[in-house]
>>> print(open('model29.pdb').read())   # PDB, C-alpha atoms and all ligand atoms
ATOM      1  CA  PRO A   1      47.422-159.305  75.846
ATOM      2  CA  ILE A   2      50.219-161.366  74.303
ATOM      3  CA  THR A   3      49.159-164.987  73.951
ATOM      4  CA  VAL A   4      51.930-167.566  73.826
ATOM      5  CA  VAL A   5      50.943-170.821  72.119
ATOM      6  CA  GLY A   6      53.466-173.545  72.821
ATOM      7  CA  SER A   7      55.116-176.222  74.904
ATOM      8  CA  ALA A   8      55.573-176.579  78.645
ATOM      9  CA  ASN A   9      57.722-179.192  80.370
ATOM     10  CA  VAL A  10      59.017-180.191  83.749
ATOM     11  CA  ASP A  11      62.767-180.800  83.769
ATOM     12  CA  MET A  12      63.926-183.501  86.183
ATOM     13  CA  ILE A  13      67.581-182.739  86.693
ATOM     14  CA  MET A  14      70.049-185.024  88.413
ATOM     15  CA  GLN A  15      73.700-184.237  88.974
ATOM     16  CA  VAL A  16      75.800-187.397  89.214
ATOM     17  CA  GLU A  17      79.522-188.160  89.478
ATOM     18  CA  ARG A  18      79.355-190.104  86.229
ATOM     19  CA  PHE A  19      76.639-191.436  83.909
ATOM     20  CA  PRO A  20      75.481-194.993  84.689
ATOM     21  CA  ALA A  21      76.231-197.672  82.089
ATOM     22  CA  PRO A  22      73.283-199.756  80.784
ATOM     23  CA  GLY A  23      72.032-201.940  83.644
ATOM     24  CA  GLU A  24      74.048-200.036  86.235
ATOM     25  CA  THR A  25      72.783-197.882  89.125
ATOM     26  CA  VAL A  26      74.581-194.800  90.392
ATOM     27  CA  SER A  27      73.327-193.676  93.807
ATOM     28  CA  ASP A  28      75.092-190.379  94.429
ATOM     29  CA  GLY A  29      72.581-188.150  92.606
ATOM     30  CA  GLN A  30      71.538-184.614  93.588
ATOM     31  CA  PHE A  31      68.032-183.953  92.359
ATOM     32  CA  SER A  32      66.310-180.745  91.343
ATOM     33  CA  GLN A  33      63.166-179.942  89.415
ATOM     34  CA  ALA A  34      62.817-177.010  87.034
ATOM     35  CA  PHE A  35      60.278-175.655  84.594
ATOM     36  CA  GLY A  36      60.982-175.463  80.886
ATOM     37  CA  GLY A  37      59.577-175.870  77.399
ATOM     38  CA  LYS A  38      60.057-173.108  74.846
ATOM     39  CA  GLY A  39      56.464-171.897  75.077
ATOM     40  CA  ALA A  40      56.489-171.577  78.865
ATOM     41  CA  ASN A  41      59.954-169.967  78.837
ATOM     42  CA  GLN A  42      58.839-167.356  76.301
ATOM     43  CA  ALA A  43      55.651-166.632  78.256
ATOM     44  CA  VAL A  44      57.678-166.073  81.444
ATOM     45  CA  ALA A  45      60.167-163.884  79.548
ATOM     46  CA  ALA A  46      57.358-161.727  78.109
ATOM     47  CA  ALA A  47      55.686-161.404  81.523
ATOM     48  CA  ARG A  48      58.914-160.483  83.344
ATOM     49  CA  ALA A  49      59.613-157.909  80.613
ATOM     50  CA  GLY A  50      56.387-156.220  81.690
ATOM     51  CA  GLY A  51      53.820-157.696  79.289
ATOM     52  CA  ARG A  52      50.294-158.929  79.976
ATOM     53  CA  VAL A  53      50.546-162.572  78.976
ATOM     54  CA  ALA A  54      48.281-165.583  78.468
ATOM     55  CA  PHE A  55      49.458-169.133  77.773
ATOM     56  CA  LEU A  56      47.771-171.706  75.527
ATOM     57  CA  GLY A  57      49.328-175.135  75.707
ATOM     58  CA  CYS A  58      48.633-178.687  76.779
ATOM     59  CA  VAL A  59      49.696-180.399  80.006
ATOM     60  CA  GLY A  60      48.684-183.730  81.520
ATOM     61  CA  ALA A  61      45.959-184.166  84.128
ATOM     62  CA  ASP A  62      48.649-184.902  86.722
ATOM     63  CA  ALA A  63      50.626-183.231  89.505
ATOM     64  CA  PHE A  64      53.319-182.006  87.086
ATOM     65  CA  GLY A  65      50.664-180.273  84.991
ATOM     66  CA  GLU A  66      49.338-178.516  88.098
ATOM     67  CA  ALA A  67      52.859-177.479  89.063
ATOM     68  CA  ILE A  68      53.411-175.942  85.605
ATOM     69  CA  LEU A  69      50.210-173.898  85.882
ATOM     70  CA  GLU A  70      51.113-172.700  89.362
ATOM     71  CA  ASN A  71      54.560-171.707  88.173
ATOM     72  CA  LEU A  72      53.156-169.684  85.255
ATOM     73  CA  ARG A  73      50.675-167.954  87.571
ATOM     74  CA  ARG A  74      53.508-166.900  89.877
ATOM     75  CA  ASP A  75      54.641-164.675  86.998
ATOM     76  CA  GLY A  76      51.112-163.330  86.566
ATOM     77  CA  ILE A  77      50.401-165.366  83.418
ATOM     78  CA  PHE A  78      46.760-166.130  82.563
ATOM     79  CA  THR A  79      46.508-169.932  82.271
ATOM     80  CA  GLU A  80      42.820-170.466  81.594
ATOM     81  CA  PRO A  81      43.468-171.480  77.931
ATOM     82  CA  VAL A  82      45.714-174.383  78.999
ATOM     83  CA  VAL A  83      44.210-177.732  78.020
ATOM     84  CA  LYS A  84      44.575-180.822  80.190
ATOM     85  CA  SER A  85      45.063-184.010  78.238
ATOM     86  CA  VAL A  86      43.351-187.028  79.711
ATOM     87  CA  SER A  87      45.402-189.506  77.712
ATOM     88  CA  GLU A  88      48.920-188.036  77.781
ATOM     89  CA  PRO A  89      51.132-187.153  80.745
ATOM     90  CA  THR A  90      52.779-183.752  81.165
ATOM     91  CA  GLY A  91      55.888-183.245  79.024
ATOM     92  CA  ILE A  92      59.004-184.292  80.925
ATOM     93  CA  ALA A  93      62.724-184.011  80.272
ATOM     94  CA  MET A  94      65.102-186.222  82.274
ATOM     95  CA  ILE A  95      68.476-184.575  82.440
ATOM     96  CA  LEU A  96      71.613-186.174  83.840
ATOM     97  CA  ILE A  97      74.581-183.901  84.377
ATOM     98  CA  ASN A  98      77.972-185.429  85.157
ATOM     99  CA  LYS A  99      80.907-183.949  87.038
ATOM    100  CA  GLN A 100      82.377-182.613  83.795
ATOM    101  CA  GLY A 101      79.184-180.649  83.221
ATOM    102  CA  GLU A 102      78.195-182.769  80.222
ATOM    103  CA  ASN A 103      74.545-183.676  79.929
ATOM    104  CA  CYS A 104      72.499-186.638  78.797
ATOM    105  CA  ILE A 105      68.848-185.813  78.091
ATOM    106  CA  ALA A 106      65.784-187.904  77.337
ATOM    107  CA  ALA A 107      62.579-185.999  76.706
ATOM    108  CA  ALA A 108      58.981-187.214  76.506
ATOM    109  CA  PRO A 109      56.801-184.498  74.923
ATOM    110  CA  GLY A 110      53.622-186.269  76.115
ATOM    111  CA  ALA A 111      50.790-183.754  76.371
ATOM    112  CA  ASN A 112      52.637-181.188  74.215
ATOM    113  CA  ASN A 113      52.060-183.484  71.248
ATOM    114  CA  ALA A 114      48.368-183.731  72.136
ATOM    115  CA  LEU A 115      47.649-180.062  71.430
ATOM    116  CA  THR A 116      45.212-180.353  68.534
ATOM    117  CA  SER A 117      43.825-177.964  65.954
ATOM    118  CA  ALA A 118      40.453-178.361  67.710
ATOM    119  CA  HIS A 119      41.978-176.848  70.872
ATOM    120  CA  ILE A 120      43.314-173.940  68.848
ATOM    121  CA  GLU A 121      39.971-173.528  67.109
ATOM    122  CA  SER A 122      38.118-173.386  70.430
ATOM    123  CA  TYR A 123      40.305-170.426  71.445
ATOM    124  CA  ALA A 124      40.055-168.681  68.057
ATOM    125  CA  ALA A 125      38.165-165.668  69.458
ATOM    126  CA  PHE A 126      40.650-165.325  72.316
ATOM    127  CA  LEU A 127      43.611-165.486  69.922
ATOM    128  CA  LYS A 128      42.044-162.875  67.654
ATOM    129  CA  ARG A 129      41.591-160.504  70.592
ATOM    130  CA  SER A 130      45.316-160.733  71.432
ATOM    131  CA  ARG A 131      47.663-157.952  70.352
ATOM    132  CA  MET A 132      50.261-160.558  69.481
ATOM    133  CA  VAL A 133      50.455-164.337  69.320
ATOM    134  CA  VAL A 134      53.866-165.899  69.967
ATOM    135  CA  ILE A 135      54.343-169.491  68.802
ATOM    136  CA  GLN A 136      57.205-172.001  68.370
ATOM    137  CA  ALA A 137      57.661-175.427  66.756
ATOM    138  CA  GLU A 138      57.696-177.602  69.899
ATOM    139  CA  ILE A 139      54.005-178.473  69.397
ATOM    140  CA  PRO A 140      52.407-180.348  66.468
ATOM    141  CA  ARG A 141      52.796-178.621  63.107
ATOM    142  CA  ILE A 142      49.063-178.887  62.586
ATOM    143  CA  ALA A 143      48.436-176.767  65.695
ATOM    144  CA  VAL A 144      50.892-174.134  64.440
ATOM    145  CA  GLU A 145      49.277-173.977  61.013
ATOM    146  CA  LYS A 146      45.812-173.834  62.595
ATOM    147  CA  THR A 147      46.914-170.840  64.645
ATOM    148  CA  PHE A 148      48.036-169.013  61.480
ATOM    149  CA  GLU A 149      44.728-169.968  59.866
ATOM    150  CA  VAL A 150      42.424-168.709  62.642
ATOM    151  CA  LEU A 151      44.361-165.431  62.666
ATOM    152  CA  ALA A 152      44.172-165.046  58.883
ATOM    153  CA  ASP A 153      41.662-162.171  58.916
ATOM    154  CA  SER A 154      42.631-160.527  62.212
ATOM    155  CA  GLU A 155      44.892-157.628  63.173
ATOM    156  CA  THR A 156      46.819-159.759  65.663
ATOM    157  CA  ALA A 157      50.570-159.684  65.094
ATOM    158  CA  ILE A 158      52.260-163.100  64.928
ATOM    159  CA  LEU A 159      55.768-163.933  66.128
ATOM    160  CA  PHE A 160      56.824-167.373  64.939
ATOM    161  CA  ASN A 161      60.010-168.859  66.379
ATOM    162  CA  PHE A 162      60.948-171.875  64.250
ATOM    163  CA  ALA A 163      62.576-173.816  67.087
ATOM    164  CA  PRO A 164      63.459-176.563  67.535
ATOM    165  CA  ILE A 165      64.094-177.719  63.979
ATOM    166  CA  ARG A 166      61.333-180.023  62.831
ATOM    167  CA  LYS A 167      61.689-182.101  59.694
ATOM    168  CA  GLU A 168      58.342-180.906  58.476
ATOM    169  CA  ALA A 169      58.451-177.140  58.872
ATOM    170  CA  PRO A 170      55.113-175.324  58.910
ATOM    171  CA  LYS A 171      54.438-173.259  55.808
ATOM    172  CA  LEU A 172      55.806-169.745  56.356
ATOM    173  CA  SER A 173      52.555-167.805  56.140
ATOM    174  CA  PRO A 174      52.615-164.139  54.991
ATOM    175  CA  ARG A 175      50.561-163.584  58.170
ATOM    176  CA  ILE A 176      53.793-164.016  60.167
ATOM    177  CA  THR A 177      54.792-160.529  61.322
ATOM    178  CA  TYR A 178      58.118-161.633  62.829
ATOM    179  CA  LEU A 179      59.981-164.838  62.047
ATOM    180  CA  VAL A 180      62.694-165.462  64.655
ATOM    181  CA  VAL A 181      65.383-168.070  63.884
ATOM    182  CA  ASN A 182      68.938-168.764  64.990
ATOM    183  CA  GLU A 183      71.762-169.594  62.553
ATOM    184  CA  THR A 184      71.035-173.329  62.379
ATOM    185  CA  GLU A 185      67.299-172.853  61.912
ATOM    186  CA  ALA A 186      67.885-170.163  59.275
ATOM    187  CA  ALA A 187      70.260-172.462  57.388
ATOM    188  CA  TYR A 188      67.729-175.280  57.528
ATOM    189  CA  LEU A 189      64.915-173.122  56.119
ATOM    190  CA  SER A 190      66.896-171.040  53.604
ATOM    191  CA  GLY A 191      69.662-173.400  52.479
ATOM    192  CA  VAL A 192      72.285-170.709  53.262
ATOM    193  CA  GLN A 193      74.980-171.603  55.822
ATOM    194  CA  VAL A 194      75.206-168.565  58.082
ATOM    195  CA  GLY A 195      78.757-167.645  59.112
ATOM    196  CA  THR A 196      79.181-163.980  58.161
ATOM    197  CA  PHE A 197      76.871-160.943  58.335
ATOM    198  CA  ARG A 198      76.570-161.079  54.548
ATOM    199  CA  GLU A 199      75.353-164.646  54.760
ATOM    200  CA  ALA A 200      72.950-163.683  57.544
ATOM    201  CA  GLU A 201      71.544-160.939  55.338
ATOM    202  CA  GLN A 202      71.274-163.316  52.399
ATOM    203  CA  ALA A 203      69.485-166.003  54.463
ATOM    204  CA  ALA A 204      67.120-163.471  56.050
ATOM    205  CA  ARG A 205      66.204-162.067  52.621
ATOM    206  CA  ILE A 206      65.445-165.522  51.280
ATOM    207  CA  LEU A 207      63.240-166.224  54.306
ATOM    208  CA  ARG A 208      61.396-162.936  53.925
ATOM    209  CA  ARG A 209      60.579-163.847  50.343
ATOM    210  CA  GLN A 210      58.923-167.022  51.668
ATOM    211  CA  GLY A 211      56.231-164.926  53.417
ATOM    212  CA  PRO A 212      57.132-163.379  56.810
ATOM    213  CA  GLN A 213      57.048-159.566  56.940
ATOM    214  CA  ASN A 214      60.153-159.284  59.128
ATOM    215  CA  VAL A 215      62.926-161.797  59.780
ATOM    216  CA  LEU A 216      65.038-161.664  62.956
ATOM    217  CA  LEU A 217      68.071-163.913  62.639
ATOM    218  CA  THR A 218      69.782-164.284  66.014
ATOM    219  CA  LEU A 219      73.562-164.729  65.887
ATOM    220  CA  GLY A 220      74.483-165.580  69.495
ATOM    221  CA  ALA A 221      77.250-163.262  70.755
ATOM    222  CA  ASN A 222      77.114-161.468  67.369
ATOM    223  CA  GLY A 223      73.635-160.105  68.002
ATOM    224  CA  VAL A 224      70.823-160.148  65.445
ATOM    225  CA  TRP A 225      70.388-159.518  61.744
ATOM    226  CA  VAL A 226      66.982-157.948  61.086
ATOM    227  CA  GLU A 227      65.371-157.830  57.657
ATOM    228  CA  THR A 228      62.296-155.565  57.331
ATOM    229  CA  PRO A 229      60.216-154.266  54.396
ATOM    230  CA  GLN A 230      62.336-151.069  54.703
ATOM    231  CA  GLY A 231      65.634-152.958  54.494
ATOM    232  CA  GLY A 232      68.022-154.759  56.794
ATOM    233  CA  PHE A 233      70.098-153.797  59.818
ATOM    234  CA  HIS A 234      72.406-155.374  62.370
ATOM    235  CA  ALA A 235      71.807-155.065  66.108
ATOM    236  CA  PRO A 236      74.873-155.952  68.183
ATOM    237  CA  ALA A 237      74.693-158.152  71.281
ATOM    238  CA  LEU A 238      75.494-156.538  74.617
ATOM    239  CA  PRO A 239      78.959-157.469  75.844
ATOM    240  CA  VAL A 240      78.583-159.798  78.824
ATOM    241  CA  GLN A 241      80.363-162.755  80.402
ATOM    242  CA  ALA A 242      78.382-165.752  79.094
ATOM    243  CA  ILE A 243      77.983-168.644  81.544
ATOM    244  CA  ASP A 244      75.016-170.607  80.189
ATOM    245  CA  THR A 245      73.176-169.757  76.972
ATOM    246  CA  THR A 246      70.163-171.990  77.779
ATOM    247  CA  ALA A 247      66.926-170.127  76.919
ATOM    248  CA  ALA A 248      68.711-167.107  75.329
ATOM    249  CA  GLY A 249      66.561-167.442  72.209
ATOM    250  CA  ASP A 250      63.400-167.823  74.318
ATOM    251  CA  VAL A 251      64.173-164.694  76.323
ATOM    252  CA  PHE A 252      64.873-162.799  73.118
ATOM    253  CA  CYS A 253      61.445-163.777  71.699
ATOM    254  CA  GLY A 254      59.484-163.032  74.884
ATOM    255  CA  ALA A 255      61.148-159.687  75.572
ATOM    256  CA  PHE A 256      60.833-158.624  71.939
ATOM    257  CA  ALA A 257      57.111-159.481  71.957
ATOM    258  CA  THR A 258      56.510-157.308  75.012
ATOM    259  CA  ALA A 259      58.576-154.403  73.694
ATOM    260  CA  THR A 260      56.826-154.296  70.299
ATOM    261  CA  THR A 261      53.314-154.688  71.691
ATOM    262  CA  GLN A 262      54.086-151.769  74.012
ATOM    263  CA  GLY A 263      54.744-149.685  70.919
ATOM    264  CA  GLN A 264      58.535-149.647  70.707
ATOM    265  CA  PRO A 265      59.823-149.288  67.122
ATOM    266  CA  ILE A 266      61.572-152.408  65.819
ATOM    267  CA  HIS A 267      65.129-151.039  66.344
ATOM    268  CA  GLU A 268      64.448-150.314  70.002
ATOM    269  CA  ALA A 269      62.503-153.505  70.612
ATOM    270  CA  VAL A 270      65.383-155.580  69.191
ATOM    271  CA  HIS A 271      67.864-153.708  71.394
ATOM    272  CA  PHE A 272      65.685-154.299  74.465
ATOM    273  CA  ALA A 273      65.399-158.021  73.587
ATOM    274  CA  CYS A 274      69.187-158.296  73.135
ATOM    275  CA  ALA A 275      69.689-156.784  76.593
ATOM    276  CA  ALA A 276      67.227-159.235  78.167
ATOM    277  CA  ALA A 277      68.906-162.182  76.389
ATOM    278  CA  ALA A 278      72.363-160.917  77.420
ATOM    279  CA  LEU A 279      71.318-160.974  81.098
ATOM    280  CA  CYS A 280      69.946-164.487  80.610
ATOM    281  CA  VAL A 281      73.303-165.866  79.378
ATOM    282  CA  THR A 282      75.088-164.529  82.479
ATOM    283  CA  ARG A 283      73.028-166.871  84.693
ATOM    284  CA  LEU A 284      72.602-170.625  85.074
ATOM    285  CA  GLY A 285      69.483-172.527  84.029
ATOM    286  CA  ALA A 286      66.401-171.695  81.987
ATOM    287  CA  GLN A 287      63.564-169.975  83.865
ATOM    288  CA  PRO A 288      65.621-168.834  86.887
ATOM    289  CA  SER A 289      67.837-166.893  84.461
ATOM    290  CA  ILE A 290      64.988-164.946  82.822
ATOM    291  CA  PRO A 291      65.390-161.265  83.784
ATOM    292  CA  TYR A 292      62.807-158.750  85.001
ATOM    293  CA  ARG A 293      62.117-155.442  83.248
ATOM    294  CA  GLU A 294      63.966-153.307  85.844
ATOM    295  CA  GLU A 295      67.129-155.384  85.381
ATOM    296  CA  VAL A 296      66.959-154.940  81.606
ATOM    297  CA  GLU A 297      66.430-151.196  81.960
ATOM    298  CA  THR A 298      69.384-150.926  84.333
ATOM    299  CA  LEU A 299      71.635-152.732  81.834
ATOM    300  CA  LEU A 300      70.416-150.471  79.012
ATOM    301  CA  LYS A 301      71.319-147.359  81.024
ATOM    302  CA  GLN A 302      74.914-148.490  81.599
TER     303      GLN A 302
HETATM  304  P1  LIG B   1      69.451-169.650  70.469
HETATM  305  O1  LIG B   1      69.575-169.671  71.957
HETATM  306  O2  LIG B   1      68.044-169.798  70.000
HETATM  307  O3  LIG B   1      70.433-170.474  69.724
HETATM  308  P2  LIG B   1      71.154-167.334  70.038
HETATM  309  O4  LIG B   1      72.301-168.127  70.538
HETATM  310  O5  LIG B   1      71.285-166.697  68.683
HETATM  311  O6  LIG B   1      69.782-168.115  70.062
HETATM  312  O7  LIG B   1      70.885-166.181  71.124
HETATM  313  C1  LIG B   1      69.753-165.352  71.079
HETATM  314  C2  LIG B   1      70.144-163.943  71.472
HETATM  315  O8  LIG B   1      70.710-163.970  72.786
HETATM  316  C3  LIG B   1      71.214-163.304  70.598
HETATM  317  O9  LIG B   1      70.627-162.645  69.487
HETATM  318  C4  LIG B   1      71.865-162.314  71.563
HETATM  319  O10 LIG B   1      71.120-161.112  71.612
HETATM  320  C5  LIG B   1      71.763-163.039  72.908
HETATM  321  N1  LIG B   1      73.019-163.759  73.190
HETATM  322  C6  LIG B   1      73.289-165.068  72.978
HETATM  323  N2  LIG B   1      74.557-165.382  73.344
HETATM  324  C7  LIG B   1      75.096-164.239  73.815
HETATM  325  C8  LIG B   1      76.380-163.871  74.348
HETATM  326  N3  LIG B   1      77.368-164.771  74.466
HETATM  327  N4  LIG B   1      76.557-162.577  74.734
HETATM  328  C9  LIG B   1      75.578-161.655  74.642
HETATM  329  N5  LIG B   1      74.361-161.935  74.129
HETATM  330  C10 LIG B   1      74.114-163.193  73.723
END
>>> encode(input="model29.pdb", output="structure tokens", more="lines below")
Ligand code: ADP
Amino acid sequence: PITVVGSANVDMIMQVERFPAPGETVSDGQFSQAFGGKGANQAVAAARAGGRVAFLGCVGADAFGEAILENLRRDGIFTEPVVKSVSEPTGIAMILINKQGENCIAAAPGANNALTSAHIESYAAFLKRSRMVVIQAEIPRIAVEKTFEVLADSETAILFNFAPIRKEAPKLSPRITYLVVNETEAAYLSGVQVGTFREAEQAARILRRQGPQNVLLTLGANGVWVETPQGGFHAPALPVQAIDTTAAGDVFCGAFATATTQGQPIHEAVHFACAAAALCVTRLGAQPSIPYREEVETLLKQ
């Protein structure tokens, strides 16, 4: 299977007329709960793209943690490797959205920050049996580096999505098969501001020299620049009406992971992932906007 190692959160979303000032109460809120976290989003994206997926992360021993597991299982994701922290609560994001559509977010990573290298170590055999391990930077750096380490002498492919930007970036191991970054993350790691395709190529080449075998630099509506051992190429985005780009990068990673582990060559897998991400930006929200394989195939046939 594909094993996703990463974060999982519950988003507590409240739509209000206007944000309260310090000390003030606004009482006109409309509440909704949603599931998020880059790790969980990518796992759902890979599963809906048709992959067999397992999730390794850390939630709290509370009702939110249970709800996260149930939600992952609804997409057929194997959740046995999820650790329950006894000391930290499930990761939560509190999101206020005002009438203008602006947001105000406070996040508490909680249990996500309690994923230790010992947890990773205890699933070393499981990780090594995976076709691909997909991992992001929303968990402690030490857990990310431990994952690279336990996979050092295995055939498992690794997709590392350096998101969100962390001051202390993990070392870019040559064991990374695919490094996926957006323009900001690429600029942070390479020192090259990415505006043009030339700059994208330049940044991706610099990153490849730091270890990863392939670099996929996502460029929003401009698609992806891909740098491989055989050279670089540009994959255009699919033309769609963008409404909300939340989770576009996560969908790209998850769909790409499924496509490559099913044997698609890199050009085709990137195209498939762009189509999945394009569908995602036409819909509101994170996990509700993650498309299913049939929808992606329909878009690709048009
Ligand atoms: P992130 O969400 O991590 O910042 P990007 O904005 O680069 O990542 O988006 C990831 C991928 O999603 C892009 O490579 C592209 O394939 C797709 N995408 C993003 N925005 C659009 C858009 N406006 N139209 C079509 N595809 C898009």
>>> residues_near_point(input="model29.pdb", point="(73.4, -160.2, 66.2)", cutoff="9 Å", atoms="only C-alpha atoms", output="JSON, numbers by chain")
{"A": [197, 217, 218, 219, 220, 221, 222, 223, 224, 225, 226, 234, 235, 236, 237, 274]}
>>> atom_distance(input="model29.pdb", atom1="CA of Asn214 (chain A)", atom2="CA of Thr196 (chain A)")
19.6 Å
>>> residues_near_ligand(input="model29.pdb", ligand="ligand LIG 1 (chain B)", cutoff="8 Å", atoms="only C-alpha atoms and all ligand atoms", output="PDB file with C-alpha atoms, in the coordinates of the input")
ATOM      1  CA  ALA A 163      62.576-173.816  67.087  1.00  0.00           C
ATOM      2  CA  VAL A 181      65.383-168.070  63.884  1.00  0.00           C
ATOM      3  CA  ASN A 182      68.938-168.764  64.990  1.00  0.00           C
ATOM      4  CA  GLU A 183      71.762-169.594  62.553  1.00  0.00           C
ATOM      5  CA  THR A 184      71.035-173.329  62.379  1.00  0.00           C
ATOM      6  CA  LEU A 217      68.071-163.913  62.639  1.00  0.00           C
ATOM      7  CA  THR A 218      69.782-164.284  66.014  1.00  0.00           C
ATOM      8  CA  LEU A 219      73.562-164.729  65.887  1.00  0.00           C
ATOM      9  CA  GLY A 220      74.483-165.580  69.495  1.00  0.00           C
ATOM     10  CA  ALA A 221      77.250-163.262  70.755  1.00  0.00           C
ATOM     11  CA  ASN A 222      77.114-161.468  67.369  1.00  0.00           C
ATOM     12  CA  GLY A 223      73.635-160.105  68.002  1.00  0.00           C
ATOM     13  CA  VAL A 224      70.823-160.148  65.445  1.00  0.00           C
ATOM     14  CA  PRO A 236      74.873-155.952  68.183  1.00  0.00           C
ATOM     15  CA  ALA A 237      74.693-158.152  71.281  1.00  0.00           C
ATOM     16  CA  LEU A 238      75.494-156.538  74.617  1.00  0.00           C
ATOM     17  CA  PRO A 239      78.959-157.469  75.844  1.00  0.00           C
ATOM     18  CA  VAL A 240      78.583-159.798  78.824  1.00  0.00           C
ATOM     19  CA  GLN A 241      80.363-162.755  80.402  1.00  0.00           C
ATOM     20  CA  ALA A 242      78.382-165.752  79.094  1.00  0.00           C
ATOM     21  CA  THR A 245      73.176-169.757  76.972  1.00  0.00           C
ATOM     22  CA  THR A 246      70.163-171.990  77.779  1.00  0.00           C
ATOM     23  CA  ALA A 247      66.926-170.127  76.919  1.00  0.00           C
ATOM     24  CA  ALA A 248      68.711-167.107  75.329  1.00  0.00           C
ATOM     25  CA  GLY A 249      66.561-167.442  72.209  1.00  0.00           C
ATOM     26  CA  ASP A 250      63.400-167.823  74.318  1.00  0.00           C
ATOM     27  CA  VAL A 251      64.173-164.694  76.323  1.00  0.00           C
ATOM     28  CA  PHE A 252      64.873-162.799  73.118  1.00  0.00           C
ATOM     29  CA  ALA A 273      65.399-158.021  73.587  1.00  0.00           C
ATOM     30  CA  CYS A 274      69.187-158.296  73.135  1.00  0.00           C
ATOM     31  CA  ALA A 275      69.689-156.784  76.593  1.00  0.00           C
ATOM     32  CA  ALA A 276      67.227-159.235  78.167  1.00  0.00           C
ATOM     33  CA  ALA A 277      68.906-162.182  76.389  1.00  0.00           C
ATOM     34  CA  ALA A 278      72.363-160.917  77.420  1.00  0.00           C
ATOM     35  CA  LEU A 279      71.318-160.974  81.098  1.00  0.00           C
ATOM     36  CA  CYS A 280      69.946-164.487  80.610  1.00  0.00           C
ATOM     37  CA  VAL A 281      73.303-165.866  79.378  1.00  0.00           C
TER      38      VAL A 281
END
>>> atom_distance(input="model29.pdb", atom1="CA of Leu284 (chain A)", atom2="CA of Lys38 (chain A)")
16.4 Å
>>> resolve_selection(input="model29.pdb", expression="the PyMOL selection byres (((chain A and resi 79-86) around 6) and not hetatm)", output="number ranges by chain")
A: 55-61, 78, 87-88
>>> axis_aligned_box(input="model29.pdb", around="region 189-192 of chain A", padding_each_side="6 Å", output="JSON")
{"center_x": 68.6, "center_y": -172.1, "center_z": 54.3, "size_x": 19.4, "size_y": 14.7, "size_z": 15.6}
>>> resolve_selection(input="model29.pdb", expression="the PyMOL selection byres (((chain A and resi 130-136) around 7) and not hetatm)", output="list of chain:residue names")
A:Pro1, A:Ile2, A:Thr3, A:Val4, A:Val5, A:Gly6, A:Gly39, A:Phe126, A:Leu127, A:Lys128, A:Arg129, A:Ala137, A:Glu138, A:Thr156, A:Ala157, A:Ile158, A:Leu159, A:Phe160, A:Asn161, A:Phe162, A:Ala163, A:Thr261
>>> resolve_selection(input="model29.pdb", expression="the PyMOL selection byres (((chain A and resi 93) around 9) and not hetatm)", output="JSON, numbers by chain")
{"A": [9, 10, 11, 12, 13, 36, 91, 92, 94, 95, 105, 106, 107, 108, 109]}
>>> write_last_selection(input="model29.pdb", atoms="C-alpha atoms", output="compact mmCIF listing (two decimals), in the frame of the given file")
# COMPACT_ATOMS: atom_id res chain seq x y z
CA ASN A 9 57.72 -179.19 80.37
CA VAL A 10 59.02 -180.19 83.75
CA ASP A 11 62.77 -180.80 83.77
CA MET A 12 63.93 -183.50 86.18
CA ILE A 13 67.58 -182.74 86.69
CA GLY A 36 60.98 -175.46 80.89
CA GLY A 91 55.89 -183.24 79.02
CA ILE A 92 59.00 -184.29 80.92
CA MET A 94 65.10 -186.22 82.27
CA ILE A 95 68.48 -184.58 82.44
CA ILE A 105 68.85 -185.81 78.09
CA ALA A 106 65.78 -187.90 77.34
CA ALA A 107 62.58 -186.00 76.71
CA ALA A 108 58.98 -187.21 76.51
CA PRO A 109 56.80 -184.50 74.92
>>> atom_distance(input="model29.pdb", atom1="CA of Val53 (chain A)", atom2="CA of Gln262 (chain A)")
12.4 Å
>>> closest_residue(input="model29.pdb", among="A:Ala200, A:Val180, A:Val16, A:Ile120", to="Phe148 (chain A)", atoms="only C-alpha atoms")
A:Ile120
>>> closest_residue(input="model29.pdb", among="A:Ser122, A:Asn103, A:Asn112, A:Gln30", to="Thr90 (chain A)", atoms="all atoms listed in the file")
A:Asn112
>>> closest_residue(input="model29.pdb", among="A:Glu17, A:Glu149, A:Glu294, A:Glu227", to="Gly101 (chain A)", atoms="all atoms listed in the file")
A:Glu17
>>> closest_residue(input="model29.pdb", among="A:Val26, A:Ala49, A:Leu151, A:Ile77", to="Glu297 (chain A)", atoms="only C-alpha atoms")
A:Ala49
>>> residues_around(input="model29.pdb", residues="region 72-75 of chain A", least_positions_apart="6", cutoff="10 Å", atoms="all atoms listed in the file", output="number ranges by chain")
A: 8, 35, 40-41, 43-48, 53-55
>>> closest_residue(input="model29.pdb", among="A:Ile142, A:Leu69, A:Ala187, A:Ala63", to="Glu199 (chain A)", atoms="only C-alpha atoms")
A:Ala187
>>> closest_residue(input="model29.pdb", among="A:Ala143, A:Leu216, A:Ala111, A:Val194", to="Tyr123 (chain A)", atoms="only C-alpha atoms")
A:Ala143
>>> residues_around(input="model29.pdb", residues="Glu102 (chain A)", least_positions_apart="3", cutoff="10 Å", atoms="all atoms listed in the file", output="NGL selection string")
:A and (15 or 18-19 or 96-99)
